[in-house]
Amino acid sequence: MSTVQRRPVIIHWGISSFFGWGIYGLNLALNWAQDRDLEPLTSFPLQPEQIVVDPLRRRALAGFFKASGDLVGRMEQQEARNLVVNTPLLAGLGNDFSMSPGPKGIALSGTPTLGVVFFELPQLSEEAKARARALPLVIAGSSWNEKIMRAHGLTNVTTVIQGVDQTLFHPAPRQGVLTDRFLVFSGGKLELRKGQDLVVAAFSRFARRHPDAVLVSAWHSPWPQFALTLNRSGKAAEIGTNDKGTIDQVAWIAANGIAAHQFIDLGSVPNALMPPILREMDVAVFPNRSEGGTNLVAMECMACGVPTILSANTGHLDLIDGRNCYALEAQAPVAGEGEGVGDVAGWGESSVEEIEDALERAYRDRNEARRRGERGAAKLAGFTWSRTADQMKAIVRSFT
């Protein structure tokens, strides 16, 4: 009996359980690991400690690990600086639509090379547009991204929304940790774009009225230079580094008038361990100024049924549907640019007062908050990684 040869597909970005791109690639690999048509592999060296999955998922990924290791090994033996492979390649693109090099700085191209992008700055340079036009297709992570590209005259564009692992992120009973506290979750790496300065400013006011309120943060980031961009807004006391050169979250919280017992830093938590933490939360808040995608952390909160406060701008607009969250409708322009930020025209500035009011509403009316959480979970039930993988597979197969 003959067997059908599976078509290799290269995921050209890092795989990890600790950051957005990595989680995206990991879930594509998991969904394609048993696919009869596609064989996933990555061109980036895999770091086992970065991939935290259960033993069954790790077993399912065995072929992916081997094929990826073989590819990376072949690339590391290459002398040429450019390599074209006879297989489709999904290339993660930066804000300027450039690709990261592979091992030894090799510029890798596929047959074809399809771009995948979550860009946060809506001003596209001529160089960026030229790079986009050179690709047969650019797959945007949000309707906002596709709209911007089309406004710039790019037509080789489609949108595929990222997913949520519904086997992990779904409504379920709470363990009942800190039930005497009102837990407010804030996630995403520290930076101006993510808006943690607005979270801290609003929570500081809220916490003074509610001693039982606790801000629970998942802000871990290895890039302190991005965290320092928060100081551009003037909305909160300045954030700084400690004598080790890392961001001093505790000092920042204290400088903003939040008591030590009203703050919990979760540190770095692998994606698969987040669901039981999120289900303990009373509300989650994301006043992000810009999201090129749909904000994976916010999606996971909503999928768990957590009442969620979302800025009504950029990629978040794909998630907001009626009363399925607390939408921050007051969006002022964010003007200017700065080092490490770029031209931010097109971003949205949420109101600290509106964030505070949304927190108060969630606190005062727990039944209404629960209903919004349930609507959010119902909305997110349609955004699965299997759906994302199926859409990406259809795109890949249309070019082969």
# chains A, B, ... in the order shown; residues from 1 in each chain; ligands from 1

$ residues_around --residues "Pro211 (chain A)" --least-positions-apart "6" --cutoff "10 Å" --atoms "only C-alpha atoms" --output "ChimeraX atom specification"
/A:181-182,259,261-262

$ write_last_selection --atoms "C-alpha atoms" --output "compact mmCIF listing (two decimals), in the first residue's frame"
# COMPACT_ATOMS: atom_id res chain seq x y z
CA ARG A 181 -9.36 39.57 47.48
CA PHE A 182 -10.50 41.28 44.27
CA ALA A 259 0.73 49.22 48.83
CA HIS A 261 0.28 43.83 49.79
CA GLN A 262 -1.83 44.96 46.83

$ select_by_dssp --residues "region 212-256 of chain A" --states "alpha helix (DSSP H)" --output "list in words"
Pro224, Gln225, Phe226, Ala227, Gln249, Val250, Ala251, Trp252, Ile253, Ala254 and Ala255 of chain A

$ residues_around --residues "Arg387 (chain A)" --least-positions-apart "3" --cutoff "9 Å" --atoms "only C-alpha atoms" --output "ChimeraX atom specification"
/A:161-163,382-384,390-392

$ write_last_selection --atoms "C-alpha atoms" --output "PDB file, in the first residue's frame"
ATOM      1  CA  ILE A 161      -6.711  35.458  13.463  1.00  0.00           C
ATOM      2  CA  GLN A 162      -4.557  33.635  16.012  1.00  0.00           C
ATOM      3  CA  GLY A 163      -6.209  31.083  18.244  1.00  0.00           C
ATOM      4  CA  GLY A 382     -14.766  30.344  17.822  1.00  0.00           C
ATOM      5  CA  PHE A 383     -11.080  31.303  17.904  1.00  0.00           C
ATOM      6  CA  THR A 384      -9.260  27.989  18.239  1.00  0.00           C
ATOM      7  CA  ASP A 390      -6.745  24.889   9.120  1.00  0.00           C
ATOM      8  CA  GLN A 391      -6.826  28.367   7.580  1.00  0.00           C
ATOM      9  CA  MET A 392      -3.036  28.472   7.335  1.00  0.00           C
TER      10      MET A 392
END

$ closest_residue --among "A:Phe263, A:Asp180, A:Gly292, A:Phe65" --to "Ile139 (chain A)" --atoms "only C-alpha atoms"
A:Gly292

$ closest_residue --among "A:Met274, A:Leu380, A:Leu124, A:Val269" --to "Thr294 (chain A)" --atoms "only C-alpha atoms"
A:Leu380
